[in-house]
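Data from run19.cif: mmCIF, C-alpha atoms and all ligand atoms
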```cif
data_my_file
#
loop_
_atom_site.label_atom_id
_atom_site.label_comp_id
_atom_site.auth_asym_id
_atom_site.auth_seq_id
_atom_site.Cartn_x
_atom_site.Cartn_y
_atom_site.Cartn_z
CA MET H 1 139.15 131.54 119.24
CA ALA H 2 142.79 130.70 119.75
CA ALA H 3 145.53 131.30 117.23
CA VAL H 4 147.45 128.02 117.15
CA ILE H 5 151.19 128.54 116.75
CA VAL H 6 153.80 125.81 116.48
CA LEU H 7 157.45 126.41 117.33
CA ALA H 8 159.42 123.93 115.28
CA ASN H 9 162.92 123.22 114.11
CA GLN H 10 164.43 119.76 113.77
CA LYS H 11 167.77 121.14 114.90
CA GLY H 12 168.26 120.64 118.62
CA GLY H 13 169.06 123.38 121.11
CA VAL H 14 167.97 126.38 119.02
CA GLY H 15 165.61 127.83 121.63
CA LYS H 16 162.24 126.24 120.78
CA THR H 17 161.33 125.47 124.36
CA THR H 18 162.80 128.69 125.75
CA SER H 19 160.86 130.68 123.16
CA THR H 20 157.59 128.79 123.69
CA TYR H 21 157.62 129.35 127.42
CA ASN H 22 158.78 132.96 127.55
CA LEU H 23 156.55 133.98 124.65
CA GLY H 24 153.63 132.26 126.39
CA VAL H 25 154.22 134.11 129.65
CA ALA H 26 154.72 137.39 127.77
CA LEU H 27 151.34 136.87 126.05
CA ALA H 28 149.68 136.09 129.39
CA ASP H 29 151.24 139.27 130.84
CA VAL H 30 149.43 141.36 128.23
CA GLY H 31 146.11 139.77 129.15
CA GLN H 32 145.92 136.88 126.70
CA LYS H 33 144.61 133.48 127.69
CA VAL H 34 147.40 131.06 126.83
CA LEU H 35 147.68 127.29 126.56
CA LEU H 36 151.10 125.71 126.09
CA MET H 37 151.43 122.21 124.70
CA ASP H 38 154.55 120.12 125.29
CA LEU H 39 155.08 117.78 122.34
CA ASP H 40 158.58 116.71 123.30
CA PRO H 41 159.21 113.54 125.32
CA GLN H 42 162.14 115.38 126.95
CA GLY H 43 159.46 117.35 128.82
CA GLY H 44 161.57 120.51 128.83
CA LEU H 45 158.56 122.82 128.55
CA THR H 46 156.81 120.94 131.32
CA TYR H 47 159.83 121.35 133.58
CA TYR H 48 160.31 125.03 132.68
CA SER H 49 156.63 125.58 133.53
CA GLY H 50 157.28 124.37 137.08
CA PHE H 51 156.44 120.65 137.01
CA GLU H 52 158.52 117.50 137.30
CA PRO H 53 157.69 115.54 134.13
CA GLU H 54 158.43 112.12 135.58
CA ASP H 55 156.09 112.69 138.53
CA LEU H 56 153.07 113.13 136.27
CA GLY H 57 150.75 110.16 135.91
CA LYS H 58 148.81 111.35 132.90
CA THR H 59 150.23 113.48 130.14
CA ILE H 60 149.56 114.37 126.53
CA TYR H 61 150.63 110.84 125.67
CA HIS H 62 147.36 109.60 127.16
CA CYS H 63 145.34 112.10 125.10
CA LEU H 64 147.10 110.99 121.93
CA THR H 65 146.91 107.25 122.41
CA ARG H 66 143.81 106.79 124.60
CA SER H 67 140.57 108.68 124.95
CA THR H 68 141.79 110.85 127.85
CA SER H 69 140.40 114.38 127.62
CA PRO H 70 143.01 117.16 127.54
CA ARG H 71 141.08 118.80 130.38
CA ASP H 72 142.01 115.85 132.60
CA ILE H 73 145.73 116.42 132.23
CA MET H 74 145.80 120.21 132.15
CA LEU H 75 148.00 122.09 134.62
CA SER H 76 148.16 125.81 135.46
CA ASN H 77 151.15 127.65 136.85
CA ASP H 78 151.81 130.82 138.85
CA PHE H 79 152.87 132.75 135.78
CA GLY H 80 149.47 132.74 134.12
CA VAL H 81 149.69 129.96 131.56
CA ASP H 82 147.97 126.58 131.23
CA LEU H 83 149.93 123.55 130.11
CA LEU H 84 149.34 120.17 128.51
CA PRO H 85 152.43 118.40 129.87
CA ALA H 86 154.63 115.66 128.45
CA ASN H 87 157.20 113.20 129.69
CA ILE H 88 159.19 110.28 128.37
CA ASP H 89 155.99 108.25 127.76
CA LEU H 90 155.44 110.40 124.69
CA SER H 91 158.39 108.71 122.97
CA LEU H 92 156.14 105.65 122.56
CA ALA H 93 153.36 107.57 120.86
CA GLU H 94 154.82 107.72 117.36
CA PHE H 95 155.24 103.96 117.33
CA GLN H 96 151.81 103.27 118.82
CA LEU H 97 150.03 105.58 116.41
CA MET H 98 151.68 104.01 113.37
CA ASN H 99 148.61 101.99 112.35
CA VAL H 100 145.89 104.23 113.74
CA PRO H 101 143.52 105.86 111.22
CA ALA H 102 144.03 109.63 110.81
CA ARG H 103 147.17 109.39 112.91
CA GLU H 104 148.29 112.84 111.70
CA ARG H 105 145.15 114.43 113.15
CA ARG H 106 145.46 113.48 116.81
CA ILE H 107 146.69 116.91 117.88
CA THR H 108 144.06 118.59 115.70
CA ARG H 109 141.40 116.81 117.76
CA ILE H 110 142.90 118.13 120.99
CA VAL H 111 143.24 121.64 119.58
CA ASN H 112 139.64 121.67 118.38
CA GLU H 113 138.40 120.64 121.81
CA LEU H 114 140.13 123.58 123.53
CA ARG H 115 140.57 126.38 121.07
CA ASP H 116 137.44 128.30 122.02
CA ASP H 117 138.81 128.68 125.57
CA TYR H 118 142.05 130.46 124.62
CA ASP H 119 143.53 133.39 122.71
CA PHE H 120 146.78 131.61 121.92
CA MET H 121 147.89 127.99 121.88
CA LEU H 122 151.65 127.48 121.55
CA ILE H 123 153.04 124.05 120.71
CA ASP H 124 156.65 123.16 121.50
CA CYS H 125 158.04 120.44 119.20
CA GLN H 126 160.87 117.99 119.65
CA PRO H 127 163.96 118.28 117.46
CA SER H 128 162.79 115.90 114.74
CA LEU H 129 160.42 115.91 111.80
CA GLY H 130 158.47 112.81 112.80
CA LEU H 131 154.79 112.14 113.30
CA LEU H 132 154.43 114.38 116.37
CA THR H 133 155.82 117.41 114.56
CA ILE H 134 153.64 116.63 111.53
CA ASN H 135 150.64 116.39 113.89
CA ALA H 136 151.47 119.82 115.29
CA LEU H 137 151.85 121.36 111.84
CA ALA H 138 148.59 119.77 110.70
CA ALA H 139 146.77 121.42 113.63
CA ALA H 140 148.36 124.87 113.44
CA ASP H 141 147.50 128.19 111.89
CA GLU H 142 151.06 129.39 111.99
CA VAL H 143 154.59 128.20 112.54
CA ILE H 144 157.40 130.19 114.11
CA ILE H 145 160.86 128.84 113.36
CA PRO H 146 163.46 129.66 116.01
CA VAL H 147 166.83 129.75 114.26
CA ALA H 148 170.14 129.91 116.09
CA CYS H 149 172.36 132.61 114.65
CA GLU H 150 174.99 130.24 113.30
CA TYR H 151 175.68 129.18 109.78
CA LEU H 152 174.63 125.51 110.03
CA SER H 153 171.12 126.57 111.03
CA ILE H 154 170.45 127.84 107.54
CA ARG H 155 170.74 124.36 106.03
CA GLY H 156 168.37 122.88 108.60
CA THR H 157 165.87 125.63 107.93
CA ARG H 158 165.66 124.61 104.27
CA ALA H 159 164.75 121.03 105.24
CA LEU H 160 162.06 122.27 107.59
CA LEU H 161 160.60 124.55 104.93
CA ARG H 162 160.37 121.58 102.57
CA LEU H 163 158.44 119.59 105.17
CA ILE H 164 156.13 122.52 105.88
CA SER H 165 155.35 122.87 102.23
CA LYS H 166 154.50 119.13 102.06
CA VAL H 167 152.20 119.45 105.08
CA LYS H 168 150.56 122.45 103.45
CA GLY H 169 149.97 120.47 100.29
CA SER H 170 148.54 117.38 101.95
CA LEU H 171 147.21 118.11 105.44
CA ASN H 172 146.78 121.81 106.15
CA SER H 173 146.47 124.28 103.31
CA LYS H 174 145.96 127.22 105.70
CA LEU H 175 149.30 126.73 107.47
CA HIS H 176 151.27 129.96 107.35
CA ILE H 177 154.94 130.52 108.18
CA ALA H 178 154.74 133.43 110.62
CA GLY H 179 158.47 133.99 110.63
CA LEU H 180 162.02 133.08 111.49
CA LEU H 181 162.97 134.05 115.02
CA PRO H 182 166.73 134.56 115.38
CA THR H 183 167.95 133.17 118.70
CA LEU H 184 171.25 132.82 120.57
CA PHE H 185 172.46 135.99 118.89
CA ASP H 186 175.85 137.29 119.90
CA SER H 187 176.24 140.80 118.54
CA ARG H 188 179.96 140.78 119.38
CA THR H 189 180.79 138.12 116.80
CA ARG H 190 180.95 138.70 113.08
CA HIS H 191 179.59 135.18 112.55
CA GLY H 192 176.33 136.05 114.36
CA ARG H 193 175.84 139.24 112.37
CA GLU H 194 176.66 137.50 109.10
CA THR H 195 174.18 134.73 109.81
CA LEU H 196 171.44 137.30 110.37
CA ASP H 197 172.24 138.96 107.02
CA ARG H 198 172.35 135.57 105.35
CA LEU H 199 168.98 134.52 106.75
CA ALA H 200 167.44 137.64 105.27
CA ARG H 201 169.09 136.99 101.90
CA GLU H 202 168.41 133.25 101.69
CA PHE H 203 164.75 133.42 102.68
CA PRO H 204 163.53 136.70 101.21
CA ASP H 205 159.90 135.57 101.18
CA ILE H 206 159.79 134.70 104.87
CA HIS H 207 159.34 137.27 107.61
CA LEU H 208 162.49 137.63 109.71
CA TYR H 209 161.43 138.88 113.12
CA PRO H 210 163.32 142.03 114.04
CA HIS H 211 163.15 140.96 117.70
CA THR H 212 166.44 139.07 117.74
CA VAL H 213 166.91 137.07 120.94
CA ALA H 214 170.36 137.81 122.34
CA ARG H 215 172.47 135.10 123.91
CA SER H 216 172.47 135.21 127.70
CA VAL H 217 173.37 132.65 130.32
CA ARG H 218 170.30 133.80 132.26
CA PHE H 219 168.08 131.73 129.98
CA ALA H 220 169.64 128.48 131.15
CA GLU H 221 169.46 129.72 134.75
CA SER H 222 165.81 130.68 134.40
CA ALA H 223 164.94 127.21 133.04
CA ALA H 224 166.81 125.54 135.89
CA GLU H 225 164.94 127.71 138.40
CA GLN H 226 161.63 127.05 136.59
CA LYS H 227 160.95 130.76 136.32
CA PRO H 228 160.33 132.83 133.19
CA ILE H 229 163.18 135.06 132.11
CA TYR H 230 161.34 138.19 133.27
CA GLU H 231 161.74 137.07 136.89
CA ALA H 232 165.50 137.63 136.76
CA LYS H 233 166.61 140.45 139.02
CA VAL H 234 168.52 142.20 136.27
CA GLN H 235 167.22 143.16 132.85
CA VAL H 236 168.19 140.27 130.58
CA PRO H 237 169.25 141.08 127.05
CA GLY H 238 166.98 138.91 124.91
CA ALA H 239 164.01 138.95 127.27
CA LEU H 240 162.61 142.06 125.64
CA ALA H 241 162.52 140.25 122.30
CA TYR H 242 159.82 137.90 123.59
CA ARG H 243 157.78 140.80 124.93
CA GLU H 244 157.97 142.55 121.57
CA LEU H 245 157.10 139.37 119.73
CA ALA H 246 154.07 138.90 122.01
CA ARG H 247 152.88 142.42 121.24
CA GLU H 248 153.32 141.82 117.50
CA LEU H 249 151.29 138.59 117.67
CA VAL H 250 148.47 140.29 119.58
CA ARG H 251 148.43 143.20 117.13
CA LYS H 252 148.26 140.84 114.16
CA LYS H 253 145.49 138.77 115.70
CA SER H 254 143.15 141.66 116.43
N1 LIG B 301 168.93 133.35 124.14
C1 LIG B 301 169.59 132.38 124.75
N2 LIG B 301 170.82 132.63 125.25
C2 LIG B 301 171.54 131.66 125.86
N3 LIG B 301 171.09 130.43 126.08
C3 LIG B 301 169.87 130.12 125.61
C4 LIG B 301 169.05 131.07 124.92
N4 LIG B 301 167.89 130.46 124.57
C5 LIG B 301 167.98 129.20 125.01
N5 LIG B 301 169.16 128.99 125.65
C6 LIG B 301 169.66 127.77 126.26
O1 LIG B 301 170.05 126.89 125.22
C7 LIG B 301 169.67 125.56 125.54
C8 LIG B 301 168.70 125.05 124.46
O2 LIG B 301 167.51 125.85 124.52
P1 LIG B 301 166.08 125.17 124.34
O3 LIG B 301 165.95 124.00 125.23
O4 LIG B 301 165.08 126.25 124.42
O5 LIG B 301 166.24 124.70 122.83
P2 LIG B 301 165.32 123.66 122.06
O6 LIG B 301 165.38 124.05 120.62
O7 LIG B 301 163.99 123.55 122.68
O8 LIG B 301 166.14 122.30 122.30
P3 LIG B 301 165.63 120.83 121.92
O9 LIG B 301 165.78 120.74 120.44
O10 LIG B 301 166.57 119.91 122.68
O11 LIG B 301 164.21 120.71 122.35
C9 LIG B 301 169.06 125.60 126.92
O12 LIG B 301 170.04 125.33 127.87
C10 LIG B 301 168.59 127.04 127.05
O13 LIG B 301 168.53 127.48 128.39
MG MG B 302 162.99 121.88 123.37
#
```
Written as C-alpha cells, that's how I'd like the structure from this file.
Ligand SMILES: Nc1ncnc2c1ncn2[C@@H]1O[C@H](COP(=O)(O)OP(=O)(O)OP(=O)(O)O)[C@@H](O)[C@H]1O
Ligand SMILES: [Mg+2]
Amino acid sequence: MAAVIVLANQKGGVGKTTSTYNLGVALADVGQKVLLMDLDPQGGLTYYSGFEPEDLGKTIYHCLTRSTSPRDIMLSNDFGVDLLPANIDLSLAEFQLMNVPARERRITRIVNELRDDYDFMLIDCQPSLGLLTINALAAADEVIIPVACEYLSIRGTRALLRLISKVKGSLNSKLHIAGLLPTLFDSRTRHGRETLDRLAREFPDIHLYPHTVARSVRFAESAAEQKPIYEAKVQVPGALAYRELARELVRKKS
C-alpha cells in the first residue's frame, strides 16, 4: 500500500514541484511504483513530466468536481512514473467545491481508490493554504516541507506548521511531518549556511533532512526540457540529494 506524501509550502518558488518530480523519478529508479499528483492549476508538475497541461481534456479537476475516475485521466511517462495531471481548470475547483459535503475529503477519495496499486504517491501543492492544500494534507500520511535556504522562509514555515497542526486536530490525526527539505542552497554564501543553522535551531522537533538540495541552474533547464535532473550530461550538484532522500524514504517504509 502506498505511502502518501504531500510536498507543501505556501511560499512560491521554493522547489515543491522540482522536488516532487525528481524525488518521484528517483523512487521509480530504485524499483518503487510511483504516482505523482499535480494539485496546482499552474500545471508545473504536469509540464515537467512531459505533458502540455493546456492540451489535456480531462484532468484532476474532473475527478474533484465530477465523478470522473482517476484511472481515466492517468498518464505515464518515459521516466517510470504515473501522473494525475492538472491545468488551469483546477483554479475553479476551490470555488465549485465550496458548498459540497465533505469537500475536504475529495483527494482522500482519489487516494483510497489508487493506493493499493502504488508504493509511493507524491502530491505537489500550489503555493497557498486553501482548500486544495487542505485536501492534500487530509489525505496524506506524511508531509515534506521544501524550504528555500533564505531567512524569510523560516517565517512562512511557522504558518504552515500551524495549519498542519489544525489539520491534524480536525481532519487527519495520523498526519506526520516527515521533515524540512532545504532547497536552493548556496554553500558559498553565509546567508545560506546561517539559514540552515537557524532552521535546525528554530524547529528542533522537526527532522531536517541532511540531503540539502544545492542551487543549480540545471534544475530550471531540466524543467524546460521536461527531463528529470538525472538526465543532465554532467553531474548536477543537488541531484544526489533527491536520490538520497528516495533511499531514506524506502528504508523508512520497509
Ligand atoms: N535546487 C535548485 N537550484 C536552482 N533552481 C531551482 C532549484 N530547485 C528549483 N529551482 C528552480 O526554481 C524555480 C521554482 O522551483 P519550483 O517550481 O520547483 O518551485 P515551487 O515551490 O513548486 O513553485 P510554486 O510555488 O510556484 O509552485 C524553478 O524555475 C525551478 O527550476
Ligand atoms: Mg510548484
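Interatomic distance, atom P3 of ligand LIG 301 (chain B) against CA of Cys63 (chain H): 22.3 Å.
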Please find the residues contacting ligand MG 302 (chain B) at a distance of at most 12 Å between atoms, with only C-alpha atoms and all ligand atoms counted, and report them as an mmCIF file with C-alpha atoms, in the coordinates of the input.
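Just written: out_2.cif:
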```cif
data_model
loop_
_atom_site.group_PDB
_atom_site.id
_atom_site.type_symbol
_atom_site.label_atom_id
_atom_site.label_comp_id
_atom_site.auth_asym_id
_atom_site.auth_seq_id
_atom_site.Cartn_x
_atom_site.Cartn_y
_atom_site.Cartn_z
ATOM 1 C CA LEU H 7 157.450 126.410 117.330
ATOM 2 C CA ALA H 8 159.420 123.930 115.280
ATOM 3 C CA ASN H 9 162.920 123.220 114.110
ATOM 4 C CA GLN H 10 164.430 119.760 113.770
ATOM 5 C CA LYS H 11 167.770 121.140 114.900
ATOM 6 C CA GLY H 12 168.260 120.640 118.620
ATOM 7 C CA GLY H 13 169.060 123.380 121.110
ATOM 8 C CA VAL H 14 167.970 126.380 119.020
ATOM 9 C CA GLY H 15 165.610 127.830 121.630
ATOM 10 C CA LYS H 16 162.240 126.240 120.780
ATOM 11 C CA THR H 17 161.330 125.470 124.360
ATOM 12 C CA THR H 18 162.800 128.690 125.750
ATOM 13 C CA SER H 19 160.860 130.680 123.160
ATOM 14 C CA THR H 20 157.590 128.790 123.690
ATOM 15 C CA TYR H 21 157.620 129.350 127.420
ATOM 16 C CA MET H 37 151.430 122.210 124.700
ATOM 17 C CA ASP H 38 154.550 120.120 125.290
ATOM 18 C CA LEU H 39 155.080 117.780 122.340
ATOM 19 C CA ASP H 40 158.580 116.710 123.300
ATOM 20 C CA PRO H 41 159.210 113.540 125.320
ATOM 21 C CA GLN H 42 162.140 115.380 126.950
ATOM 22 C CA GLY H 43 159.460 117.350 128.820
ATOM 23 C CA GLY H 44 161.570 120.510 128.830
ATOM 24 C CA LEU H 45 158.560 122.820 128.550
ATOM 25 C CA THR H 46 156.810 120.940 131.320
ATOM 26 C CA TYR H 47 159.830 121.350 133.580
ATOM 27 C CA TYR H 48 160.310 125.030 132.680
ATOM 28 C CA ALA H 86 154.630 115.660 128.450
ATOM 29 C CA ILE H 123 153.040 124.050 120.710
ATOM 30 C CA ASP H 124 156.650 123.160 121.500
ATOM 31 C CA CYS H 125 158.040 120.440 119.200
ATOM 32 C CA GLN H 126 160.870 117.990 119.650
ATOM 33 C CA PRO H 127 163.960 118.280 117.460
ATOM 34 C CA SER H 128 162.790 115.900 114.740
ATOM 35 C CA PRO H 146 163.460 129.660 116.010
ATOM 36 C CA ALA H 223 164.940 127.210 133.040
#
```
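The space separating CA of Gly156 (chain H) from CA of Leu129 (chain H) comes to 11.0 Å.
Residue neighbourhood of Val236 (chain H), excluding near-sequence residues (fewer than 2 positions): Ala214, Ser216, Arg218, Phe219, Ile229, Tyr230, Ala232, Lys233, Val234, Gly238, Ala239 and Leu240 of chain H, at 9 Å, using all atoms listed in the file.
If you look at CA of Ala28 (chain H) and CA of Gly80 (chain H), they are 5.8 Å away from each other.
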Edge lengths and centre in Å, axis-aligned, region 33-36 of chain H plus 3 Å each side, as JSON:
```
{"center_x": 147.9, "center_y": 129.6, "center_z": 126.9, "size_x": 12.5, "size_y": 13.8, "size_z": 7.6}
```
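Of the residues under consideration (H:Leu97, H:Asp29, H:Pro85, H:Leu181), H:Pro85 shows the shortest atom-to-atom contact distance to Glu54 (chain H) when counting only C-alpha atoms.
Distances from H:Asp82, H:Asp72, H:Glu142, H:Glu225 to ligand LIG 301 (chain B) were compared using only C-alpha atoms and all ligand atoms, and the smallest one belongs to H:Glu225.
In terms of minimum interatomic distance to Tyr242 (chain H), H:Thr212 ranks closest within H:Thr212, H:Ser165, H:Ser69, H:Asn172, counting only C-alpha atoms.
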(message) At a cut-off of 7 Å, using all atoms listed in the file, what residues contact His211 (chain H)? Leave out same-chain residues fewer than 6 positions from it and give the result as a PyMOL selection string.
(response) chain H and resi 241+244-245
Can you pull out the residues contacting Thr65 (chain H)? Cut-off 10 Å, using all atoms listed in the file, and skip same-chain residues under 6 positions away; I want them as a CSV table (one decimal) with C-alpha atoms, keeping the file's coordinate frame.
```
chain,number,residue,atom,x,y,z
H,90,LEU,CA,155.4,110.4,124.7
H,92,LEU,CA,156.1,105.6,122.6
H,93,ALA,CA,153.4,107.6,120.9
H,94,GLU,CA,154.8,107.7,117.4
H,96,GLN,CA,151.8,103.3,118.8
H,97,LEU,CA,150.0,105.6,116.4
H,100,VAL,CA,145.9,104.2,113.7
H,103,ARG,CA,147.2,109.4,112.9
H,106,ARG,CA,145.5,113.5,116.8
```
(request) In the coordinate frame of the file, compute which residues have an atom within 12 Å of (175.7, 126.0, 115.1) when using all atoms listed in the file, and state them as an NGL selection string. (result) :H and (11-14 or 147-156 or 183-185 or 191-192 or 195)
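For the residues H:Thr133, H:Thr157, H:Ser222, H:Ser254, ranking by smallest atom-to-atom distance to ligand LIG 301 (chain B) using only C-alpha atoms and all ligand atoms places H:Ser222 first.
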(request) Point out the residue among H:Arg251, H:Ala200, H:Ile110, H:Ser187 with the least atom-to-atom distance to Pro237 (chain H), counting only C-alpha atoms. (result) H:Ser187
